[in-house]
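Student: Pasting data.pdb here (PDB, C-alpha atoms and all ligand atoms):
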```pdb
ATOM      1  CA  MET A  30       0.000   0.000   0.000
ATOM      2  CA  LEU A  31       1.423   3.341  -1.042
ATOM      3  CA  GLU A  32       1.449   5.745   1.894
ATOM      4  CA  ALA A  33       3.338   8.645   3.385
ATOM      5  CA  THR A  34       4.711   8.939   6.879
ATOM      6  CA  PHE A  35       5.963  11.848   8.947
ATOM      7  CA  VAL A  36       9.521  11.760  10.260
ATOM      8  CA  MET A  37      11.186  14.227  12.600
ATOM      9  CA  ILE A  38      14.882  14.175  13.436
ATOM     10  CA  LYS A  39      15.118  15.157  17.090
ATOM     11  CA  PRO A  40      17.279  17.883  18.683
ATOM     12  CA  ASN A  41      19.951  15.496  20.003
ATOM     13  CA  VAL A  42      20.952  14.788  16.380
ATOM     14  CA  MET A  43      20.435  18.368  15.159
ATOM     15  CA  LYS A  44      22.703  19.643  17.992
ATOM     16  CA  LYS A  45      25.651  17.425  17.072
ATOM     17  CA  PRO A  46      28.754  18.944  15.462
ATOM     18  CA  LYS A  47      28.134  19.618  11.758
ATOM     19  CA  GLN A  48      30.234  16.758  10.344
ATOM     20  CA  GLU A  49      28.771  14.163  12.670
ATOM     21  CA  GLN A  50      25.256  15.446  12.035
ATOM     22  CA  GLU A  51      25.792  15.238   8.266
ATOM     23  CA  ARG A  52      27.078  11.667   8.568
ATOM     24  CA  ILE A  53      24.017  10.629  10.595
ATOM     25  CA  LEU A  54      21.550  12.340   8.252
ATOM     26  CA  LYS A  55      23.229  10.732   5.247
ATOM     27  CA  HIS A  56      22.998   7.314   6.887
ATOM     28  CA  ILE A  57      19.286   7.813   7.643
ATOM     29  CA  MET A  58      18.606   8.954   4.080
ATOM     30  CA  ASP A  59      20.543   5.960   2.710
ATOM     31  CA  LEU A  60      18.420   3.617   4.843
ATOM     32  CA  PHE A  61      15.256   5.196   3.420
ATOM     33  CA  SER A  62      16.525   5.083  -0.131
ATOM     34  CA  LYS A  63      17.507   1.369   0.181
ATOM     35  CA  ARG A  64      13.887   0.642   1.169
ATOM     36  CA  ASN A  65      12.621   2.616  -1.849
ATOM     37  CA  LEU A  66      11.289   5.360   0.397
ATOM     38  CA  SER A  67      11.331   8.879  -1.076
ATOM     39  CA  ILE A  68      11.613  12.107   0.869
ATOM     40  CA  ILE A  69       8.956  14.321  -0.735
ATOM     41  CA  ALA A  70       9.176  17.237   1.708
ATOM     42  CA  LEU A  71      11.977  18.389   3.986
ATOM     43  CA  LYS A  72      12.227  21.310   6.383
ATOM     44  CA  GLN A  73      14.769  22.281   9.032
ATOM     45  CA  HIS A  74      13.072  24.441  11.631
ATOM     46  CA  LYS A  75      12.656  25.234  15.291
ATOM     47  CA  LEU A  76       9.637  23.479  16.761
ATOM     48  CA  SER A  77       7.674  25.804  19.021
ATOM     49  CA  LEU A  78       6.437  24.565  22.401
ATOM     50  CA  GLU A  79       2.891  24.839  21.076
ATOM     51  CA  GLN A  80       3.776  22.697  18.051
ATOM     52  CA  ALA A  81       5.541  20.160  20.281
ATOM     53  CA  ARG A  82       2.440  19.943  22.514
ATOM     54  CA  ASN A  83       0.181  19.503  19.492
ATOM     55  CA  HIS A  84       2.460  16.951  17.842
ATOM     56  CA  TYR A  85       2.520  14.805  21.006
ATOM     57  CA  LYS A  86      -1.048  15.530  22.137
ATOM     58  CA  GLU A  87      -1.869  11.802  22.439
ATOM     59  CA  HIS A  88       0.555  11.796  25.412
ATOM     60  CA  GLU A  89      -0.940  14.822  27.169
ATOM     61  CA  GLY A  90      -1.384  14.114  30.890
ATOM     62  CA  LYS A  91       1.367  11.491  31.027
ATOM     63  CA  VAL A  92       4.212  12.034  33.494
ATOM     64  CA  PHE A  93       6.779  12.599  30.737
ATOM     65  CA  PHE A  94       4.660  14.998  28.622
ATOM     66  CA  GLU A  95       6.158  18.277  29.926
ATOM     67  CA  ASN A  96       9.712  16.973  29.787
ATOM     68  CA  LEU A  97       9.215  15.583  26.263
ATOM     69  CA  THR A  98       7.565  18.670  24.791
ATOM     70  CA  HIS A  99      10.062  21.108  26.339
ATOM     71  CA  TYR A 100      12.876  18.951  25.000
ATOM     72  CA  MET A 101      11.343  18.886  21.507
ATOM     73  CA  ALA A 102      10.782  22.662  21.357
ATOM     74  CA  ASP A 103      14.120  23.144  19.619
ATOM     75  CA  ASP A 104      15.917  22.520  16.292
ATOM     76  CA  VAL A 105      14.433  19.635  14.299
ATOM     77  CA  LEU A 106      14.395  18.322  10.736
ATOM     78  CA  SER A 107      10.915  17.369   9.508
ATOM     79  CA  MET A 108      10.250  15.116   6.520
ATOM     80  CA  VAL A 109       7.440  13.503   4.604
ATOM     81  CA  VAL A 110       8.487  10.051   3.420
ATOM     82  CA  LEU A 111       6.537   8.257   0.708
ATOM     83  CA  GLY A 112       6.660   4.590  -0.307
ATOM     84  CA  GLU A 113       5.081   1.139  -0.133
ATOM     85  CA  ASN A 114       4.119   0.499   3.512
ATOM     86  CA  ALA A 115       6.167   3.553   4.446
ATOM     87  CA  ILE A 116       4.747   3.751   7.982
ATOM     88  CA  ALA A 117       5.752   0.223   9.025
ATOM     89  CA  GLU A 118       8.981   0.302   6.999
ATOM     90  CA  VAL A 119      10.167   3.500   8.679
ATOM     91  CA  ARG A 120       9.106   2.335  12.177
ATOM     92  CA  LEU A 121      11.244  -0.801  11.615
ATOM     93  CA  LEU A 122      14.259   1.298  10.651
ATOM     94  CA  VAL A 123      13.643   3.615  13.646
ATOM     95  CA  GLY A 124      13.471   0.856  16.293
ATOM     96  CA  PRO A 125      11.942   0.852  19.783
ATOM     97  CA  ALA A 126      11.385   4.107  21.722
ATOM     98  CA  ASN A 127      13.608   2.922  24.555
ATOM     99  CA  VAL A 128      17.224   3.331  23.426
ATOM    100  CA  GLU A 129      18.607   0.699  25.835
ATOM    101  CA  ARG A 130      16.076  -1.808  24.495
ATOM    102  CA  ALA A 131      16.836  -0.741  20.923
ATOM    103  CA  LYS A 132      20.566  -1.347  21.471
ATOM    104  CA  ILE A 133      19.893  -4.882  22.687
ATOM    105  CA  GLU A 134      17.052  -5.951  20.386
ATOM    106  CA  PHE A 135      17.691  -3.891  17.216
ATOM    107  CA  PRO A 136      21.358  -2.788  17.387
ATOM    108  CA  ASN A 137      21.317  -1.478  13.797
ATOM    109  CA  SER A 138      18.191   0.641  14.265
ATOM    110  CA  ILE A 139      18.401   4.431  14.079
ATOM    111  CA  ARG A 140      17.491   4.829  17.753
ATOM    112  CA  ALA A 141      20.065   2.230  18.867
ATOM    113  CA  LEU A 142      22.793   3.985  16.875
ATOM    114  CA  TYR A 143      21.947   7.637  17.483
ATOM    115  CA  GLY A 144      19.627   7.840  20.506
ATOM    116  CA  ASP A 145      20.836   9.135  23.866
ATOM    117  CA  PRO A 146      20.370   6.337  26.423
ATOM    118  CA  THR A 147      20.467   8.889  29.266
ATOM    119  CA  ASN A 148      17.437  10.894  28.069
ATOM    120  CA  ALA A 149      14.194   9.153  27.041
ATOM    121  CA  ALA A 150      13.040  12.153  25.006
ATOM    122  CA  ALA A 151      16.296  12.200  22.994
ATOM    123  CA  ASN A 152      15.877   8.986  20.987
ATOM    124  CA  ALA A 153      17.052  10.614  17.724
ATOM    125  CA  ILE A 154      13.928  10.325  15.592
ATOM    126  CA  HIS A 155      10.131  10.343  15.522
ATOM    127  CA  ALA A 156       8.053   8.427  12.967
ATOM    128  CA  SER A 157       4.263   8.194  12.665
ATOM    129  CA  ASP A 158       2.584   5.032  13.914
ATOM    130  CA  SER A 159      -0.585   4.927  11.728
ATOM    131  CA  THR A 160      -2.038   6.335   8.492
ATOM    132  CA  GLU A 161      -4.239   8.698  10.512
ATOM    133  CA  SER A 162      -1.425  10.024  12.713
ATOM    134  CA  ALA A 163       0.806  10.414   9.637
ATOM    135  CA  GLU A 164      -1.852  12.533   7.917
ATOM    136  CA  ARG A 165      -2.363  14.655  11.026
ATOM    137  CA  GLU A 166       1.355  15.120  11.706
ATOM    138  CA  ILE A 167       2.165  15.963   8.061
ATOM    139  CA  ASN A 168      -0.587  18.583   7.892
ATOM    140  CA  HIS A 169       0.483  20.011  11.243
ATOM    141  CA  ILE A 170       4.067  20.717  10.126
ATOM    142  CA  PHE A 171       3.482  21.052   6.363
ATOM    143  CA  PRO A 172       0.003  22.711   6.219
ATOM    144  CA  GLU A 173       0.693  23.973   2.685
ATOM    145  CA  MET A 174       0.691  20.364   1.425
ATOM    146  CA  HIS A 175      -3.021  19.799   2.258
ATOM    147  CA  PHE A 176      -1.926  16.199   2.523
ATOM    148  CA  GLN A 177      -4.229  13.215   2.128
ATOM    149  CA  GLN A 178      -3.016   9.624   2.186
ATOM    150  CA  PRO A 179      -3.005   8.210  -1.366
ATOM    151  CA  ASN A 180      -5.290   5.347  -0.255
ATOM    152  CA  SER A 181      -7.808   7.469   1.635
ATOM    153  CA  ILE A 182     -11.474   6.852   0.774
ATOM    154  CA  SER A 183     -12.202  10.254  -0.724
ATOM    155  CA  HIS A 184      -9.092  10.076  -2.874
ATOM    156  CA  LYS A 185     -10.045   6.596  -4.084
ATOM    157  CA  LYS A 186     -13.460   7.889  -5.082
ATOM    158  CA  VAL A 187     -11.812  10.627  -7.120
ATOM    159  CA  LEU A 188      -9.536   8.088  -8.808
ATOM    160  CA  CYS A 189     -12.500   5.872  -9.627
ATOM    161  CA  LYS A 190     -14.549   8.734 -10.970
ATOM    162  CA  GLU A 191     -11.674   9.661 -13.225
ATOM    163  CA  LYS A 192     -11.554   6.117 -14.538
ATOM    164  CA  ASN A 193     -15.344   6.221 -14.952
ATOM    165  CA  ASN A 194     -15.408   3.049 -12.915
ATOM    166  CA  PHE A 195     -17.523   1.673 -10.114
ATOM    167  CA  CYS A 196     -15.475   1.347  -6.968
ATOM    168  CA  SER A 197     -16.106   0.288  -3.401
ATOM    169  CA  ASN A 198     -14.960   2.076  -0.259
ATOM    170  CA  LYS A 199     -12.699  -0.798   0.654
ATOM    171  CA  LYS A 200      -9.464   0.627   2.083
ATOM    172  CA  ASP A 201      -6.954  -1.604   0.351
TER     173      ASP A 201
HETATM  174  P1  LIG B   1       7.308   6.416  19.722
HETATM  175  O1  LIG B   1       6.009   6.485  18.979
HETATM  176  O2  LIG B   1       8.107   5.189  19.377
HETATM  177  O3  LIG B   1       8.136   7.648  19.601
HETATM  178  O4  LIG B   1       6.991   6.232  21.268
HETATM  179  P2  LIG B   1       5.775   6.794  22.151
HETATM  180  O5  LIG B   1       4.659   7.307  21.291
HETATM  181  O6  LIG B   1       5.466   5.731  23.164
HETATM  182  O7  LIG B   1       6.419   8.001  22.943
HETATM  183  C1  LIG B   1       6.690   9.211  22.305
HETATM  184  C2  LIG B   1       8.040   9.712  22.734
HETATM  185  O8  LIG B   1       7.995  10.020  24.115
HETATM  186  C3  LIG B   1       9.174   8.673  22.640
HETATM  187  O9  LIG B   1       9.780   8.643  21.369
HETATM  188  C4  LIG B   1      10.147   9.136  23.694
HETATM  189  O10 LIG B   1      11.092  10.068  23.171
HETATM  190  C5  LIG B   1       9.271   9.884  24.670
HETATM  191  N1  LIG B   1       9.154   9.163  25.943
HETATM  192  C6  LIG B   1       8.620   7.948  26.154
HETATM  193  N2  LIG B   1       8.725   7.618  27.463
HETATM  194  C7  LIG B   1       9.321   8.668  28.075
HETATM  195  C8  LIG B   1       9.703   8.953  29.419
HETATM  196  O11 LIG B   1       9.505   8.154  30.321
HETATM  197  N3  LIG B   1      10.301  10.180  29.648
HETATM  198  C9  LIG B   1      10.520  11.073  28.641
HETATM  199  N4  LIG B   1      11.103  12.249  28.932
HETATM  200  N5  LIG B   1      10.167  10.840  27.373
HETATM  201  C10 LIG B   1       9.587   9.651  27.086
HETATM  202 MG    MG B   2       4.181   7.383  19.266
END
```
Starting from the coordinates I provided, produce the structure as structure tokens.
Tutor:
Amino acid sequence: MLEATFVMIKPNVMKKPKQEQERILKHIMDLFSKRNLSIIALKQHKLSLEQARNHYKEHEGKVFFENLTHYMADDVLSMVVLGENAIAEVRLLVGPANVERAKIEFPNSIRALYGDPTNAAANAIHASDSTESAEREINHIFPEMHFQQPNSISHKKVLCKEKNNFCSNKKD
């Protein structure tokens, strides 16, 4: 299934010395490209506290919410990544949220390699966990894209109309 996911490189990577940061970003982009994943939007920016709170709103009320959002309100690199099963593919490359666990279970994952094991918020990278969250997160940071998942129902209807074809609402 063709889909797009939202990826954000976290401040612990963006704060590294230039050469090291470039090496890490190149490695991440190589991993995406090997999986046939294309970066279709890219923006380096400072995330505001309000944006950080909105981005992580599913975690509002949890003990780590304030710490996480204050940490994230800093320099980040946001991307929209498109490809077959992009959401699951990227989550596999990213690895588990807990860096210590990532190092043991998925030592080649991005979080194992570049996450900071001493700070839970600083696990190098964020990636969407569902088609709905990807759509929301993309439109939050890239509002000018008016993004809709390629497989979304309304889009499918448009495609079918164009083909002058009957089509069901099946999401496949
Ligand atoms: P993800 O989807 O894999 O990023 O993981 P979650 O949605 O469970 O959590 C979101 C982010 O919250 C994680 O990537 C971590 O950076 C952060 N996080 C999770 N647990 C903690 C914690 O106990 N303390 C802090 N400060 N951050 C945490
Ligand atoms: Mg999550």
Student: On this structure, the PyMOL selection byres (((not hetatm)) within 9 of (chain B and resi 1)) would catch which residues? List them as an MDAnalysis selection string, sorted by chain and number.
Tutor: chainID A and resid 39 85 87:88 91:98 100:101 120 123:127 148:158
Student: Store the residues picked out above in a file with C-alpha atoms, as an mmCIF file, in the coordinates of the input.
Tutor:
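again_28.cif, written as the output of this step:
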```cif
data_model
loop_
_atom_site.group_PDB
_atom_site.id
_atom_site.type_symbol
_atom_site.label_atom_id
_atom_site.label_comp_id
_atom_site.auth_asym_id
_atom_site.auth_seq_id
_atom_site.Cartn_x
_atom_site.Cartn_y
_atom_site.Cartn_z
ATOM 1 C CA LYS A 39 15.118 15.157 17.090
ATOM 2 C CA TYR A 85 2.520 14.805 21.006
ATOM 3 C CA GLU A 87 -1.869 11.802 22.439
ATOM 4 C CA HIS A 88 0.555 11.796 25.412
ATOM 5 C CA LYS A 91 1.367 11.491 31.027
ATOM 6 C CA VAL A 92 4.212 12.034 33.494
ATOM 7 C CA PHE A 93 6.779 12.599 30.737
ATOM 8 C CA PHE A 94 4.660 14.998 28.622
ATOM 9 C CA GLU A 95 6.158 18.277 29.926
ATOM 10 C CA ASN A 96 9.712 16.973 29.787
ATOM 11 C CA LEU A 97 9.215 15.583 26.263
ATOM 12 C CA THR A 98 7.565 18.670 24.791
ATOM 13 C CA TYR A 100 12.876 18.951 25.000
ATOM 14 C CA MET A 101 11.343 18.886 21.507
ATOM 15 C CA ARG A 120 9.106 2.335 12.177
ATOM 16 C CA VAL A 123 13.643 3.615 13.646
ATOM 17 C CA GLY A 124 13.471 0.856 16.293
ATOM 18 C CA PRO A 125 11.942 0.852 19.783
ATOM 19 C CA ALA A 126 11.385 4.107 21.722
ATOM 20 C CA ASN A 127 13.608 2.922 24.555
ATOM 21 C CA ASN A 148 17.437 10.894 28.069
ATOM 22 C CA ALA A 149 14.194 9.153 27.041
ATOM 23 C CA ALA A 150 13.040 12.153 25.006
ATOM 24 C CA ALA A 151 16.296 12.200 22.994
ATOM 25 C CA ASN A 152 15.877 8.986 20.987
ATOM 26 C CA ALA A 153 17.052 10.614 17.724
ATOM 27 C CA ILE A 154 13.928 10.325 15.592
ATOM 28 C CA HIS A 155 10.131 10.343 15.522
ATOM 29 C CA ALA A 156 8.053 8.427 12.967
ATOM 30 C CA SER A 157 4.263 8.194 12.665
ATOM 31 C CA ASP A 158 2.584 5.032 13.914
#
```
Student: Using only C-alpha atoms, which of the listed residues (A:His99, A:His175, A:Lys44, A:Lys63) sits closest to Glu118 in chain A?
Tutor: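 With only C-alpha atoms as the atom set, the closest residue is A:Lys63.
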Student: Written as an MDAnalysis selection string, which residues does the PyMOL selection byres (((chain A and resi 132) around 12) and not hetatm) give for the file shown?
Tutor: chainID A and resid 123:131 133:146 152
Student: For each of A:Val105, A:Arg165, A:Pro179, A:Glu113, take the minimum atom-to-atom distance to Lys45 in chain A, counting all atoms listed in the file, then give the residue where this is smallest.
Tutor: A:Val105
Student: One number please: CA of Lys86 in chain A to CA of Ile53 in chain A, in Å, one decimal.
Tutor: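 If I compute the distance from CA of Lys86 in chain A to CA of Ile53 in chain A, I get 28.0 Å.
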Student: Could range 142-157 of chain A be completed with N, CA and C atoms and written as a PDB file, in the coordinates of the input, please?
Tutor:
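The result, written out as result11.pdb:
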```pdb
ATOM      1  N   LEU A 142      21.529   3.385  17.303  1.00  0.00           N
ATOM      2  CA  LEU A 142      22.793   3.985  16.875  1.00  0.00           C
ATOM      3  C   LEU A 142      22.942   5.439  17.330  1.00  0.00           C
ATOM      4  N   TYR A 143      21.824   6.178  17.293  1.00  0.00           N
ATOM      5  CA  TYR A 143      21.947   7.637  17.483  1.00  0.00           C
ATOM      6  C   TYR A 143      21.142   8.199  18.644  1.00  0.00           C
ATOM      7  N   GLY A 144      20.392   7.368  19.358  1.00  0.00           N
ATOM      8  CA  GLY A 144      19.627   7.840  20.506  1.00  0.00           C
ATOM      9  C   GLY A 144      20.533   8.042  21.712  1.00  0.00           C
ATOM     10  N   ASP A 145      20.090   8.876  22.634  1.00  0.00           N
ATOM     11  CA  ASP A 145      20.836   9.135  23.866  1.00  0.00           C
ATOM     12  C   ASP A 145      20.228   8.272  24.973  1.00  0.00           C
ATOM     13  N   PRO A 146      20.954   7.249  25.434  1.00  0.00           N
ATOM     14  CA  PRO A 146      20.370   6.337  26.423  1.00  0.00           C
ATOM     15  C   PRO A 146      20.112   7.008  27.771  1.00  0.00           C
ATOM     16  N   THR A 147      20.648   8.225  27.972  1.00  0.00           N
ATOM     17  CA  THR A 147      20.467   8.889  29.266  1.00  0.00           C
ATOM     18  C   THR A 147      19.265   9.828  29.280  1.00  0.00           C
ATOM     19  N   ASN A 148      18.579   9.980  28.127  1.00  0.00           N
ATOM     20  CA  ASN A 148      17.437  10.894  28.069  1.00  0.00           C
ATOM     21  C   ASN A 148      16.348  10.290  27.176  1.00  0.00           C
ATOM     22  N   ALA A 149      15.246   9.868  27.786  1.00  0.00           N
ATOM     23  CA  ALA A 149      14.194   9.153  27.041  1.00  0.00           C
ATOM     24  C   ALA A 149      13.613   9.979  25.894  1.00  0.00           C
ATOM     25  N   ALA A 150      13.611  11.303  26.057  1.00  0.00           N
ATOM     26  CA  ALA A 150      13.040  12.153  25.006  1.00  0.00           C
ATOM     27  C   ALA A 150      13.972  12.230  23.788  1.00  0.00           C
ATOM     28  N   ALA A 151      15.272  11.954  24.021  1.00  0.00           N
ATOM     29  CA  ALA A 151      16.296  12.200  22.994  1.00  0.00           C
ATOM     30  C   ALA A 151      16.646  10.921  22.228  1.00  0.00           C
ATOM     31  N   ASN A 152      15.614  10.248  21.697  1.00  0.00           N
ATOM     32  CA  ASN A 152      15.877   8.986  20.987  1.00  0.00           C
ATOM     33  C   ASN A 152      16.005   9.192  19.470  1.00  0.00           C
ATOM     34  N   ALA A 153      16.565  10.324  19.093  1.00  0.00           N
ATOM     35  CA  ALA A 153      17.052  10.614  17.724  1.00  0.00           C
ATOM     36  C   ALA A 153      15.994  10.907  16.668  1.00  0.00           C
ATOM     37  N   ILE A 154      14.851  10.227  16.730  1.00  0.00           N
ATOM     38  CA  ILE A 154      13.928  10.325  15.592  1.00  0.00           C
ATOM     39  C   ILE A 154      12.506   9.979  16.008  1.00  0.00           C
ATOM     40  N   HIS A 155      11.561  10.676  15.379  1.00  0.00           N
ATOM     41  CA  HIS A 155      10.131  10.343  15.522  1.00  0.00           C
ATOM     42  C   HIS A 155       9.640   9.829  14.175  1.00  0.00           C
ATOM     43  N   ALA A 156       8.730   8.851  14.201  1.00  0.00           N
ATOM     44  CA  ALA A 156       8.053   8.427  12.967  1.00  0.00           C
ATOM     45  C   ALA A 156       6.610   8.072  13.307  1.00  0.00           C
ATOM     46  N   SER A 157       5.696   8.434  12.424  1.00  0.00           N
ATOM     47  CA  SER A 157       4.263   8.194  12.665  1.00  0.00           C
ATOM     48  C   SER A 157       3.979   6.709  12.861  1.00  0.00           C
TER      49      SER A 157
END
```
